[in-house]
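query28.cif (mmCIF, C-alpha atoms and all ligand atoms) appears below.
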data_protein
#
loop_
_atom_site.group_PDB
_atom_site.id
_atom_site.type_symbol
_atom_site.label_atom_id
_atom_site.label_comp_id
_atom_site.auth_asym_id
_atom_site.auth_seq_id
_atom_site.Cartn_x
_atom_site.Cartn_y
_atom_site.Cartn_z
ATOM 1 C CA MET A 27 -9.718 -23.881 40.661
ATOM 2 C CA SER A 28 -11.382 -22.677 37.471
ATOM 3 C CA GLU A 29 -9.359 -22.165 34.306
ATOM 4 C CA PHE A 30 -7.742 -18.755 33.774
ATOM 5 C CA ARG A 31 -9.409 -17.167 30.754
ATOM 6 C CA ALA A 32 -8.602 -13.728 29.331
ATOM 7 C CA ASP A 33 -10.521 -12.541 26.266
ATOM 8 C CA LEU A 34 -8.188 -10.170 24.445
ATOM 9 C CA HIS A 35 -10.441 -9.084 21.580
ATOM 10 C CA CYS A 36 -13.811 -7.352 21.827
ATOM 11 C CA HIS A 37 -15.501 -4.154 20.689
ATOM 12 C CA SER A 38 -17.517 -1.583 22.630
ATOM 13 C CA THR A 39 -19.902 1.174 21.568
ATOM 14 C CA HIS A 40 -16.802 3.351 21.025
ATOM 15 C CA SER A 41 -16.484 1.457 17.707
ATOM 16 C CA ASP A 42 -18.799 -1.121 16.126
ATOM 17 C CA GLY A 43 -19.826 -3.113 19.217
ATOM 18 C CA THR A 44 -23.255 -2.815 20.823
ATOM 19 C CA TYR A 45 -22.156 -3.145 24.488
ATOM 20 C CA SER A 46 -20.829 -0.179 26.467
ATOM 21 C CA VAL A 47 -17.466 -0.475 28.233
ATOM 22 C CA LYS A 48 -19.294 -1.027 31.532
ATOM 23 C CA GLU A 49 -21.615 -3.670 30.058
ATOM 24 C CA LEU A 50 -18.618 -5.539 28.604
ATOM 25 C CA ILE A 51 -16.783 -5.590 31.932
ATOM 26 C CA VAL A 52 -19.873 -6.619 33.906
ATOM 27 C CA LEU A 53 -20.490 -9.425 31.376
ATOM 28 C CA ALA A 54 -16.833 -10.514 31.570
ATOM 29 C CA ALA A 55 -17.117 -10.730 35.382
ATOM 30 C CA GLU A 56 -20.376 -12.703 35.125
ATOM 31 C CA LEU A 57 -18.711 -15.144 32.726
ATOM 32 C CA GLY A 58 -15.818 -15.647 35.145
ATOM 33 C CA LEU A 59 -13.203 -14.144 32.805
ATOM 34 C CA LYS A 60 -10.074 -13.186 34.732
ATOM 35 C CA GLY A 61 -8.724 -10.781 32.100
ATOM 36 C CA LEU A 62 -10.045 -8.608 29.285
ATOM 37 C CA SER A 63 -8.846 -6.184 26.644
ATOM 38 C CA ILE A 64 -11.306 -3.933 24.820
ATOM 39 C CA THR A 65 -9.909 -3.523 21.304
ATOM 40 C CA ASP A 66 -11.995 -0.905 19.524
ATOM 41 C CA HIS A 67 -11.196 -0.204 15.874
ATOM 42 C CA ASP A 68 -8.770 2.737 15.618
ATOM 43 C CA SER A 69 -9.792 3.987 19.065
ATOM 44 C CA THR A 70 -8.541 3.936 22.652
ATOM 45 C CA ALA A 71 -11.620 5.708 24.029
ATOM 46 C CA ALA A 72 -12.442 2.771 26.349
ATOM 47 C CA TYR A 73 -9.432 3.800 28.464
ATOM 48 C CA PRO A 74 -8.841 4.807 31.236
ATOM 49 C CA LYS A 75 -12.471 4.113 32.243
ATOM 50 C CA ALA A 76 -11.991 0.376 31.538
ATOM 51 C CA PHE A 77 -9.158 0.209 34.103
ATOM 52 C CA GLU A 78 -11.381 1.673 36.861
ATOM 53 C CA LEU A 79 -14.333 -0.575 35.997
ATOM 54 C CA GLY A 80 -12.067 -3.631 35.785
ATOM 55 C CA ALA A 81 -10.756 -2.946 39.299
ATOM 56 C CA ALA A 82 -14.324 -2.544 40.600
ATOM 57 C CA HIS A 83 -15.479 -5.827 39.053
ATOM 58 C CA ASP A 84 -12.346 -7.929 39.638
ATOM 59 C CA VAL A 85 -11.389 -8.259 35.981
ATOM 60 C CA LEU A 86 -7.747 -7.582 35.042
ATOM 61 C CA ILE A 87 -7.603 -5.127 32.142
ATOM 62 C CA VAL A 88 -4.871 -4.523 29.560
ATOM 63 C CA SER A 89 -5.060 -1.600 27.162
ATOM 64 C CA GLY A 90 -5.944 -2.600 23.611
ATOM 65 C CA THR A 91 -6.933 -1.428 20.162
ATOM 66 C CA GLU A 92 -7.408 -2.904 16.666
ATOM 67 C CA LEU A 93 -5.772 -0.846 13.935
ATOM 68 C CA SER A 94 -7.106 -0.992 10.361
ATOM 69 C CA CYS A 95 -4.068 -1.182 8.071
ATOM 70 C CA VAL A 96 -3.376 -1.833 4.413
ATOM 71 C CA HIS A 97 -0.768 -4.053 2.747
ATOM 72 C CA ARG A 98 -0.495 -4.165 -1.042
ATOM 73 C CA GLY A 99 -4.124 -3.081 -1.340
ATOM 74 C CA HIS A 100 -5.432 -5.654 1.173
ATOM 75 C CA GLY A 101 -6.889 -4.775 4.565
ATOM 76 C CA VAL A 102 -5.015 -6.224 7.570
ATOM 77 C CA HIS A 103 -5.999 -5.777 11.221
ATOM 78 C CA ILE A 104 -3.352 -5.357 13.914
ATOM 79 C CA LEU A 105 -4.095 -5.712 17.608
ATOM 80 C CA GLY A 106 -2.101 -3.495 19.943
ATOM 81 C CA TYR A 107 -1.799 -4.264 23.663
ATOM 82 C CA ALA A 108 -0.235 -2.852 26.809
ATOM 83 C CA PHE A 109 0.549 0.556 25.284
ATOM 84 C CA ASP A 110 -0.001 3.933 26.882
ATOM 85 C CA PRO A 111 -3.490 4.929 25.629
ATOM 86 C CA GLU A 112 -2.607 8.618 25.993
ATOM 87 C CA HIS A 113 0.589 8.359 23.908
ATOM 88 C CA SER A 114 0.720 10.906 21.076
ATOM 89 C CA ALA A 115 1.664 8.272 18.448
ATOM 90 C CA ILE A 116 -1.453 6.202 19.061
ATOM 91 C CA GLN A 117 -3.653 9.288 19.434
ATOM 92 C CA LYS A 118 -2.429 10.600 16.081
ATOM 93 C CA TRP A 119 -3.126 7.255 14.373
ATOM 94 C CA CYS A 120 -6.679 7.131 15.770
ATOM 95 C CA GLN A 121 -7.399 10.739 14.807
ATOM 96 C CA GLN A 122 -6.216 10.201 11.223
ATOM 97 C CA ALA A 123 -8.066 6.909 10.848
ATOM 98 C CA GLN A 124 -11.287 8.387 12.225
ATOM 99 C CA ASN A 125 -11.065 11.302 9.753
ATOM 100 C CA ALA A 126 -10.375 8.966 6.821
ATOM 101 C CA ARG A 127 -13.254 6.729 7.899
ATOM 102 C CA ARG A 128 -15.609 9.717 8.102
ATOM 103 C CA GLN A 129 -14.826 10.575 4.481
ATOM 104 C CA ARG A 130 -15.125 6.926 3.425
ATOM 105 C CA ASN A 131 -18.474 6.534 5.199
ATOM 106 C CA GLU A 132 -19.831 9.653 3.468
ATOM 107 C CA SER A 133 -18.700 8.238 0.111
ATOM 108 C CA ILE A 134 -20.431 4.916 0.865
ATOM 109 C CA LEU A 135 -23.702 6.779 1.550
ATOM 110 C CA ARG A 136 -23.294 8.705 -1.729
ATOM 111 C CA GLU A 137 -22.706 5.465 -3.659
ATOM 112 C CA LEU A 138 -25.762 3.843 -2.058
ATOM 113 C CA HIS A 139 -27.826 6.942 -2.888
ATOM 114 C CA ARG A 140 -26.865 6.508 -6.555
ATOM 115 C CA ILE A 141 -28.635 3.144 -6.563
ATOM 116 C CA ASN A 142 -31.645 4.684 -4.809
ATOM 117 C CA LEU A 143 -30.823 3.443 -1.313
ATOM 118 C CA SER A 144 -30.917 6.596 0.744
ATOM 119 C CA ILE A 145 -29.607 6.652 4.311
ATOM 120 C CA THR A 146 -29.571 9.881 6.308
ATOM 121 C CA GLU A 147 -27.786 10.771 9.547
ATOM 122 C CA GLU A 148 -31.184 10.386 11.291
ATOM 123 C CA ASP A 149 -31.509 6.853 9.871
ATOM 124 C CA LEU A 150 -28.040 5.987 11.184
ATOM 125 C CA LEU A 151 -28.816 7.336 14.660
ATOM 126 C CA GLU A 152 -32.186 5.618 14.787
ATOM 127 C CA ALA A 153 -30.720 2.223 13.789
ATOM 128 C CA ASN A 154 -27.671 2.654 16.056
ATOM 129 C CA PRO A 155 -28.685 4.540 19.228
ATOM 130 C CA GLN A 156 -25.174 3.937 20.606
ATOM 131 C CA LEU A 157 -23.641 6.110 17.847
ATOM 132 C CA LYS A 158 -23.820 9.118 20.185
ATOM 133 C CA SER A 159 -20.861 7.712 22.139
ATOM 134 C CA THR A 160 -18.992 6.234 19.166
ATOM 135 C CA THR A 161 -15.558 7.511 18.195
ATOM 136 C CA THR A 162 -15.043 5.126 15.261
ATOM 137 C CA ARG A 163 -17.947 4.685 12.877
ATOM 138 C CA GLY A 164 -17.817 1.727 10.521
ATOM 139 C CA ARG A 165 -19.671 -0.281 7.921
ATOM 140 C CA PRO A 166 -21.650 -2.301 10.534
ATOM 141 C CA HIS A 167 -23.490 0.927 11.473
ATOM 142 C CA ILE A 168 -24.423 1.453 7.826
ATOM 143 C CA ALA A 169 -25.425 -2.228 7.522
ATOM 144 C CA ASN A 170 -27.736 -1.845 10.548
ATOM 145 C CA ALA A 171 -29.445 1.162 8.970
ATOM 146 C CA MET A 172 -29.845 -0.759 5.687
ATOM 147 C CA VAL A 173 -31.632 -3.565 7.538
ATOM 148 C CA ALA A 174 -33.817 -1.079 9.468
ATOM 149 C CA LYS A 175 -34.847 0.607 6.214
ATOM 150 C CA GLY A 176 -35.618 -2.714 4.528
ATOM 151 C CA TYR A 177 -32.772 -2.407 1.999
ATOM 152 C CA ALA A 178 -31.186 -5.650 3.255
ATOM 153 C CA ARG A 179 -32.572 -8.766 4.954
ATOM 154 C CA SER A 180 -29.728 -9.016 7.452
ATOM 155 C CA ILE A 181 -26.364 -7.483 8.320
ATOM 156 C CA GLN A 182 -24.685 -10.355 6.443
ATOM 157 C CA HIS A 183 -26.850 -9.611 3.391
ATOM 158 C CA ALA A 184 -26.003 -5.892 3.573
ATOM 159 C CA PHE A 185 -22.270 -6.728 3.618
ATOM 160 C CA LYS A 186 -22.392 -9.411 0.940
ATOM 161 C CA SER A 187 -24.586 -7.500 -1.508
ATOM 162 C CA PHE A 188 -23.562 -3.886 -0.952
ATOM 163 C CA LEU A 189 -20.584 -3.222 1.312
ATOM 164 C CA ILE A 190 -17.732 -5.592 0.461
ATOM 165 C CA GLU A 191 -15.198 -5.228 -2.343
ATOM 166 C CA GLY A 192 -16.809 -5.556 -5.766
ATOM 167 C CA CYS A 193 -20.229 -4.375 -4.500
ATOM 168 C CA PRO A 194 -21.895 -1.059 -5.421
ATOM 169 C CA GLY A 195 -21.444 0.495 -1.962
ATOM 170 C CA PHE A 196 -17.799 -0.466 -1.514
ATOM 171 C CA VAL A 197 -15.349 2.415 -1.136
ATOM 172 C CA GLY A 198 -11.652 2.005 -0.323
ATOM 173 C CA TRP A 199 -9.997 4.313 2.161
ATOM 174 C CA ASP A 200 -6.716 5.802 3.112
ATOM 175 C CA ARG A 201 -5.316 3.570 5.854
ATOM 176 C CA GLY A 202 -1.823 3.415 7.306
ATOM 177 C CA THR A 203 0.395 0.501 6.287
ATOM 178 C CA VAL A 204 1.009 -2.552 8.460
ATOM 179 C CA GLU A 205 4.606 -1.367 9.025
ATOM 180 C CA GLU A 206 3.276 1.993 10.247
ATOM 181 C CA GLY A 207 0.688 0.289 12.458
ATOM 182 C CA ILE A 208 3.294 -1.915 14.145
ATOM 183 C CA ALA A 209 5.666 1.061 14.582
ATOM 184 C CA THR A 210 2.862 3.145 16.135
ATOM 185 C CA ILE A 211 2.078 0.474 18.729
ATOM 186 C CA HIS A 212 5.771 0.009 19.523
ATOM 187 C CA GLU A 213 6.302 3.754 19.829
ATOM 188 C CA ALA A 214 3.465 3.894 22.376
ATOM 189 C CA GLY A 215 5.259 1.155 24.375
ATOM 190 C CA GLY A 216 2.971 -1.695 23.341
ATOM 191 C CA LEU A 217 2.972 -5.143 21.753
ATOM 192 C CA ALA A 218 1.740 -5.682 18.176
ATOM 193 C CA VAL A 219 -0.235 -8.821 17.331
ATOM 194 C CA LEU A 220 -1.427 -10.083 13.938
ATOM 195 C CA ALA A 221 -5.231 -10.290 14.286
ATOM 196 C CA HIS A 222 -7.263 -13.304 13.078
ATOM 197 C CA PRO A 223 -4.727 -14.666 10.518
ATOM 198 C CA HIS A 224 -7.266 -17.459 9.814
ATOM 199 C CA ILE A 225 -9.367 -15.016 7.800
ATOM 200 C CA VAL A 226 -6.533 -13.503 5.758
ATOM 201 C CA LYS A 227 -7.317 -15.354 2.540
ATOM 202 C CA ASN A 228 -4.336 -14.388 0.378
ATOM 203 C CA GLY A 229 -1.329 -16.665 1.026
ATOM 204 C CA SER A 230 1.271 -14.149 -0.127
ATOM 205 C CA ILE A 231 -0.141 -11.522 2.262
ATOM 206 C CA VAL A 232 0.143 -14.074 5.080
ATOM 207 C CA ARG A 233 3.783 -14.753 4.146
ATOM 208 C CA ASP A 234 4.547 -11.028 4.157
ATOM 209 C CA MET A 235 2.853 -10.655 7.553
ATOM 210 C CA LEU A 236 4.920 -13.434 9.086
ATOM 211 C CA ALA A 237 8.075 -11.558 8.073
ATOM 212 C CA MET A 238 6.962 -8.346 9.823
ATOM 213 C CA PRO A 239 8.100 -7.414 13.345
ATOM 214 C CA PHE A 240 4.986 -8.630 15.165
ATOM 215 C CA ASP A 241 5.235 -9.633 18.838
ATOM 216 C CA GLY A 242 2.390 -12.119 18.653
ATOM 217 C CA ILE A 243 -0.277 -13.942 16.666
ATOM 218 C CA GLU A 244 -3.970 -14.247 17.540
ATOM 219 C CA GLY A 245 -4.047 -18.034 17.216
ATOM 220 C CA HIS A 246 -7.237 -18.580 19.220
ATOM 221 C CA TYR A 247 -10.073 -16.755 17.514
ATOM 222 C CA ALA A 248 -13.872 -16.669 17.792
ATOM 223 C CA ARG A 249 -15.343 -20.163 17.523
ATOM 224 C CA PHE A 250 -12.724 -21.546 15.164
ATOM 225 C CA PRO A 251 -12.129 -25.286 15.723
ATOM 226 C CA LEU A 252 -8.674 -26.521 16.683
ATOM 227 C CA ASP A 253 -7.900 -27.859 13.188
ATOM 228 C CA LYS A 254 -8.330 -24.315 11.801
ATOM 229 C CA GLU A 255 -6.198 -22.843 14.596
ATOM 230 C CA ARG A 256 -3.408 -25.448 14.511
ATOM 231 C CA ARG A 257 -1.269 -23.710 11.896
ATOM 232 C CA TRP A 258 -1.272 -20.454 13.877
ATOM 233 C CA LEU A 259 -0.514 -22.138 17.197
ATOM 234 C CA ASP A 260 2.466 -23.808 15.488
ATOM 235 C CA GLU A 261 3.618 -20.547 13.831
ATOM 236 C CA ALA A 262 3.539 -18.797 17.223
ATOM 237 C CA GLN A 263 5.554 -21.566 18.839
ATOM 238 C CA THR A 264 8.210 -21.989 16.124
ATOM 239 C CA ARG A 265 8.694 -18.237 15.733
ATOM 240 C CA GLY A 266 8.757 -17.549 19.478
ATOM 241 C CA LEU A 267 5.769 -15.193 19.226
ATOM 242 C CA LEU A 268 3.131 -14.571 21.872
ATOM 243 C CA LEU A 269 0.045 -16.715 21.311
ATOM 244 C CA THR A 270 -2.987 -14.551 22.011
ATOM 245 C CA GLY A 271 -6.711 -15.193 21.698
ATOM 246 C CA GLY A 272 -10.098 -13.562 21.827
ATOM 247 C CA SER A 273 -13.726 -13.708 20.762
ATOM 248 C CA ASP A 274 -13.960 -10.535 18.614
ATOM 249 C CA PHE A 275 -17.257 -10.015 20.412
ATOM 250 C CA HIS A 276 -19.386 -7.239 18.881
ATOM 251 C CA GLY A 277 -22.704 -7.890 20.660
ATOM 252 C CA ALA A 278 -25.814 -7.984 18.482
ATOM 253 C CA VAL A 279 -23.952 -7.239 15.215
ATOM 254 C CA LYS A 280 -22.147 -10.616 15.250
ATOM 255 C CA PRO A 281 -24.301 -12.971 17.326
ATOM 256 C CA GLY A 282 -22.179 -16.074 16.605
ATOM 257 C CA GLN A 283 -19.171 -14.866 18.626
ATOM 258 C CA PRO A 284 -20.103 -14.576 22.332
ATOM 259 C CA LEU A 285 -17.720 -12.903 24.779
ATOM 260 C CA GLY A 286 -15.255 -15.433 26.177
ATOM 261 C CA CYS A 287 -15.671 -17.996 23.350
ATOM 262 C CA SER A 288 -11.891 -17.753 22.746
ATOM 263 C CA TRP A 289 -9.191 -16.629 25.107
ATOM 264 C CA ALA A 290 -5.471 -16.224 25.604
ATOM 265 C CA PRO A 291 -3.475 -18.730 27.669
ATOM 266 C CA GLU A 292 -2.625 -17.560 31.197
ATOM 267 C CA ASN A 293 1.120 -17.176 30.492
ATOM 268 C CA THR A 294 0.392 -14.871 27.542
ATOM 269 C CA PHE A 295 -1.923 -12.732 29.619
ATOM 270 C CA GLN A 296 0.562 -12.464 32.467
ATOM 271 C CA HIS A 297 3.314 -11.455 30.002
ATOM 272 C CA ILE A 298 1.155 -8.706 28.472
ATOM 273 C CA TYR A 299 -0.109 -7.517 31.861
ATOM 274 C CA LYS A 300 3.436 -7.325 33.237
ATOM 275 C CA HIS A 301 4.614 -5.506 30.091
ATOM 276 C CA MET A 302 1.944 -2.847 30.614
ATOM 277 C CA HIS A 303 2.779 -2.315 34.270
ATOM 278 C CA GLU A 304 6.531 -2.220 33.662
ATOM 279 C CA ALA A 305 6.030 0.280 30.824
ATOM 280 C CA THR A 306 3.886 2.629 32.924
ATOM 281 C CA GLU A 307 6.112 2.397 36.013
ATOM 282 C CA SER A 308 9.386 3.166 34.201
HETATM 283 P P1 LIG L 1 -14.955 -1.091 8.630
HETATM 284 O O1 LIG L 1 -13.847 -1.178 9.636
HETATM 285 O O2 LIG L 1 -15.835 0.083 8.837
HETATM 286 O O3 LIG L 1 -14.489 -1.224 7.212
HETATM 287 O O4 LIG L 1 -15.894 -2.362 8.887
HETATM 288 C C1 LIG L 1 -15.289 -3.602 9.093
HETATM 289 C C2 LIG L 1 -15.981 -4.289 10.241
HETATM 290 O O5 LIG L 1 -17.232 -4.774 9.765
HETATM 291 C C3 LIG L 1 -15.243 -5.523 10.739
HETATM 292 O O6 LIG L 1 -14.326 -5.243 11.724
HETATM 293 C C4 LIG L 1 -16.385 -6.344 11.294
HETATM 294 O O7 LIG L 1 -16.715 -5.903 12.570
HETATM 295 C C5 LIG L 1 -17.541 -6.013 10.370
HETATM 296 N N1 LIG L 1 -17.755 -6.969 9.278
HETATM 297 C C6 LIG L 1 -16.977 -7.220 8.211
HETATM 298 N N2 LIG L 1 -17.529 -8.130 7.384
HETATM 299 C C7 LIG L 1 -18.702 -8.478 7.965
HETATM 300 C C8 LIG L 1 -19.752 -9.376 7.618
HETATM 301 N N3 LIG L 1 -19.704 -10.112 6.496
HETATM 302 N N4 LIG L 1 -20.792 -9.471 8.465
HETATM 303 C C9 LIG L 1 -20.861 -8.731 9.591
HETATM 304 N N5 LIG L 1 -19.900 -7.869 9.978
HETATM 305 C C10 LIG L 1 -18.850 -7.737 9.179
HETATM 306 FE FE FE L 2 -15.592 -4.701 13.964
HETATM 307 FE FE FE L 3 -10.636 -7.520 12.846
HETATM 308 ZN ZN ZN L 4 -12.227 -7.016 15.988
#
Translate the structure described by the file into structure tokens.
Ligand code: AMP
Ligand code: FE
Ligand code: FE
Ligand code: ZN
Amino acid sequence: MSEFRADLHCHSTHSDGTYSVKELIVLAAELGLKGLSITDHDSTAAYPKAFELGAAHDVLIVSGTELSCVHRGHGVHILGYAFDPEHSAIQKWCQQAQNARRQRNESILRELHRINLSITEEDLLEANPQLKSTTTRGRPHIANAMVAKGYARSIQHAFKSFLIEGCPGFVGWDRGTVEEGIATIHEAGGLAVLAHPHIVKNGSIVRDMLAMPFDGIEGHYARFPLDKERRWLDEAQTRGLLLTGGSDFHGAVKPGQPLGCSWAPENTFQHIYKHMHEATES
């Protein structure tokens, strides 16, 4: 029998991925994935459609999202699973985050305009045809337009030279705290997981995160080798936290992270799947 693989981290066209919900689920089925969670940034728009498509294509689906939070001025991503996507707490979070992002994105375009890099709404739509069905716009959409207009050689170049902290197009934004993010997921009946701890560079932020009431850690991530994952697998085990995993697949925007390149162990998936069904049946 083939190994049970469940990719618990990927993005659709509802946020900064380039595959639709249907394309993701069809691809997951083709790859032989048994389980999937679509974790759009500050959005649950993939649901309930993902549940219906999962049933049609024999892929088990758990609800998911990736919340953009802040802790002492640093961005931290939290994955939420097995919550009720219609719950008012999660809906309120997504609404607020999408509004704050809209303002931030407009400020980024103003800052870029000041250095004579002009990007219009038409440019954004032309470079990102999927934007019509997007609930959460982000920097990758701006990066795509910068490449299309010849302002950057690649998406990486656009980020490194213009869009990350310290660059002329960087603008901070008003995100909820990590404590608020975890509480929101719990209020909606879900499980909160610290996303990709491997890429949180500041050691004191990591220490703070490990003291927060997370239910799990994303120990298996993208194409990270085992020696880079080891610490997080050990942290999950010693702290009795769920060990999750996923590719963080975004389609064409991040070509080095194909769907299914990381996955959660079967026991983790079954725990999360059961949690979701118990929560919705009670
Ligand atoms: P935002 O949430 O709008 O601030 O954009 C952050 C998103 O941009 C992340 O979730 C990634 O999908 C993407 N991203 C961040 N840094 C890079 C990078 N260096 N290259 C490509 N994509 C990136
Ligand atoms: Fe993203
Ligand atoms: Fe992330
Ligand atoms: Zn992600």
Sorted per-residue table, chain A near ligand FE 3 (chain L), closest atoms and distance, 7 Å, all atoms listed in the file, as a tab-separated table:
residue	atom	partner	partner_atom	distance
A:Glu92	CA	L:FE3	FE	6.8
A:His103	CA	L:FE3	FE	5.2
A:Ala221	CA	L:FE3	FE	6.2
A:His222	CA	L:FE3	FE	6.7
Using only C-alpha atoms and all ligand atoms, I'd like a table of the residues in chain A that come within 7 Å of ligand ZN 4 (chain L); for each, show the closest atom pair and its distance in Å rounded to one decimal, ordered by chain and ascending number, as JSON lines.
{"residue": "A:His35", "atom": "CA", "partner": "L:ZN4", "partner_atom": "ZN", "distance": 6.2}
{"residue": "A:Cys36", "atom": "CA", "partner": "L:ZN4", "partner_atom": "ZN", "distance": 6.1}
{"residue": "A:His37", "atom": "CA", "partner": "L:ZN4", "partner_atom": "ZN", "distance": 6.4}
{"residue": "A:Thr65", "atom": "CA", "partner": "L:ZN4", "partner_atom": "ZN", "distance": 6.8}
{"residue": "A:His67", "atom": "CA", "partner": "L:ZN4", "partner_atom": "ZN", "distance": 6.9}
{"residue": "A:Glu92", "atom": "CA", "partner": "L:ZN4", "partner_atom": "ZN", "distance": 6.4}
{"residue": "A:Asp274", "atom": "CA", "partner": "L:ZN4", "partner_atom": "ZN", "distance": 4.7}
Same residues, C-alpha atoms, saved as a compact mmCIF listing (two decimals), in the coordinates of the input:
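Here's the written file again_1.txt:
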# COMPACT_ATOMS: atom_id res chain seq x y z
CA HIS A 35 -10.44 -9.08 21.58
CA CYS A 36 -13.81 -7.35 21.83
CA HIS A 37 -15.50 -4.15 20.69
CA THR A 65 -9.91 -3.52 21.30
CA HIS A 67 -11.20 -0.20 15.87
CA GLU A 92 -7.41 -2.90 16.67
CA ASP A 274 -13.96 -10.54 18.61
- Query: Taking only C-alpha atoms and all ligand atoms into account, which residues are within 6 Å of ligand LIG 1 (chain L), as a ChimeraX atom specification?
  - Reply: /A:164-166,181-182,185
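Interatomic distance, CA of Leu267 (chain A) against CA of Val219 (chain A): 9.0 Å.
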- Task: Apply the PyMOL selection byres (((chain A and resi 122-130) around 7) and not hetatm) to the file shown and report the selected residues as JSON, numbers by chain.
- Result: {"A": [68, 118, 119, 120, 121, 131, 132, 133, 134, 162, 197, 199, 200, 201]}
- Task: For CA of Ile168 (chain A) and CA of Leu151 (chain A), determine how far apart the two atoms are, in Å to one decimal place.
- Result: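 Going from CA of Ile168 (chain A) over to CA of Leu151 (chain A) covers 10.0 Å.
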- Message: For this structure, which residues satisfy the selection - the PyMOL selection byres (((chain A and resi 110) around 12) and not hetatm) - when it is evaluated on the file as given? I want them as a ChimeraX atom specification.
- Response: /A:70,73-74,88-91,106-109,111-117,210-217,301-308
Include C-alpha atoms and write out the residues we just selected as a PDB file, in the coordinates of the input.
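Result went into result.pdb, see below:
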ATOM      1  CA  THR A  70      -8.541   3.936  22.652  1.00  0.00           C
ATOM      2  CA  TYR A  73      -9.432   3.800  28.464  1.00  0.00           C
ATOM      3  CA  PRO A  74      -8.841   4.807  31.236  1.00  0.00           C
ATOM      4  CA  VAL A  88      -4.871  -4.523  29.560  1.00  0.00           C
ATOM      5  CA  SER A  89      -5.060  -1.600  27.162  1.00  0.00           C
ATOM      6  CA  GLY A  90      -5.944  -2.600  23.611  1.00  0.00           C
ATOM      7  CA  THR A  91      -6.933  -1.428  20.162  1.00  0.00           C
ATOM      8  CA  GLY A 106      -2.101  -3.495  19.943  1.00  0.00           C
ATOM      9  CA  TYR A 107      -1.799  -4.264  23.663  1.00  0.00           C
ATOM     10  CA  ALA A 108      -0.235  -2.852  26.809  1.00  0.00           C
ATOM     11  CA  PHE A 109       0.549   0.556  25.284  1.00  0.00           C
ATOM     12  CA  PRO A 111      -3.490   4.929  25.629  1.00  0.00           C
ATOM     13  CA  GLU A 112      -2.607   8.618  25.993  1.00  0.00           C
ATOM     14  CA  HIS A 113       0.589   8.359  23.908  1.00  0.00           C
ATOM     15  CA  SER A 114       0.720  10.906  21.076  1.00  0.00           C
ATOM     16  CA  ALA A 115       1.664   8.272  18.448  1.00  0.00           C
ATOM     17  CA  ILE A 116      -1.453   6.202  19.061  1.00  0.00           C
ATOM     18  CA  GLN A 117      -3.653   9.288  19.434  1.00  0.00           C
ATOM     19  CA  THR A 210       2.862   3.145  16.135  1.00  0.00           C
ATOM     20  CA  ILE A 211       2.078   0.474  18.729  1.00  0.00           C
ATOM     21  CA  HIS A 212       5.771   0.009  19.523  1.00  0.00           C
ATOM     22  CA  GLU A 213       6.302   3.754  19.829  1.00  0.00           C
ATOM     23  CA  ALA A 214       3.465   3.894  22.376  1.00  0.00           C
ATOM     24  CA  GLY A 215       5.259   1.155  24.375  1.00  0.00           C
ATOM     25  CA  GLY A 216       2.971  -1.695  23.341  1.00  0.00           C
ATOM     26  CA  LEU A 217       2.972  -5.143  21.753  1.00  0.00           C
ATOM     27  CA  HIS A 301       4.614  -5.506  30.091  1.00  0.00           C
ATOM     28  CA  MET A 302       1.944  -2.847  30.614  1.00  0.00           C
ATOM     29  CA  HIS A 303       2.779  -2.315  34.270  1.00  0.00           C
ATOM     30  CA  GLU A 304       6.531  -2.220  33.662  1.00  0.00           C
ATOM     31  CA  ALA A 305       6.030   0.280  30.824  1.00  0.00           C
ATOM     32  CA  THR A 306       3.886   2.629  32.924  1.00  0.00           C
ATOM     33  CA  GLU A 307       6.112   2.397  36.013  1.00  0.00           C
ATOM     34  CA  SER A 308       9.386   3.166  34.201  1.00  0.00           C
TER      35      SER A 308
END
- Find the distance between CA of Thr270 (chain A) and CA of His83 (chain A) and write it in Å to one decimal. 22.9 Å
With the cut-off set at 10 Å and counting all atoms listed in the file, tabulate each residue of region 92-184 of chain A with an atom at most that distance from an atom of region 40-62 of chain A, showing the nearest atom pair and its distance in Å to one decimal, ordered by chain and increasing number, as CSV.
residue,atom,partner,partner_atom,distance
A:Asn154,CA,A:Thr44,CA,8.5
A:Pro155,CA,A:Thr44,CA,9.3
A:Gln156,CA,A:Thr44,CA,7.0
A:Leu157,CA,A:His40,CA,8.0
A:Lys158,CA,A:His40,CA,9.1
A:Ser159,CA,A:His40,CA,6.1
A:Thr160,CA,A:His40,CA,4.1
A:Thr161,CA,A:His40,CA,5.2
A:Thr162,CA,A:Ser41,CA,4.6
A:Arg163,CA,A:Ser41,CA,6.0
A:Gly164,CA,A:Asp42,CA,6.4
A:Arg165,CA,A:Asp42,CA,8.3
A:Pro166,CA,A:Asp42,CA,6.4
A:His167,CA,A:Asp42,CA,6.9
- Message: Using the chain letters and numbers from this file, what does the PyMOL selection byres (((chain A and resi 208) around 8) and not hetatm) select? Give the answer as a list of chain:residue names.
- Response: A:Ile104, A:Val204, A:Glu205, A:Glu206, A:Gly207, A:Ala209, A:Thr210, A:Ile211, A:His212, A:Ala218, A:Pro239, A:Phe240
- Using all atoms listed in the file, find the one residue out of A:Thr146, A:Ser28, A:Gln263, A:Gln283 that sits nearest to ligand FE 2 (chain L).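 Using all atoms listed in the file, the shortest distance to ligand FE 2 (chain L) belongs to A:Gln283.
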Enclose all atoms of region 139-154 of chain A listed in the file in an axis-aligned box, grow every side by 3 Å, and hand back centre and edge lengths in Å to one decimal, as AutoDock Vina command-line options.
--center_x -29.5 --center_y 6.5 --center_z 4.7 --size_x 11.3 --size_y 14.5 --size_z 28.6
- Counting only C-alpha atoms and all ligand atoms, the residue of A:Val173, A:Leu138, A:Val279, A:Leu236 that sits nearest ligand FE 2 (chain L):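 Among the listed residues, the smallest separation from ligand FE 2 (chain L) belongs to A:Val279.
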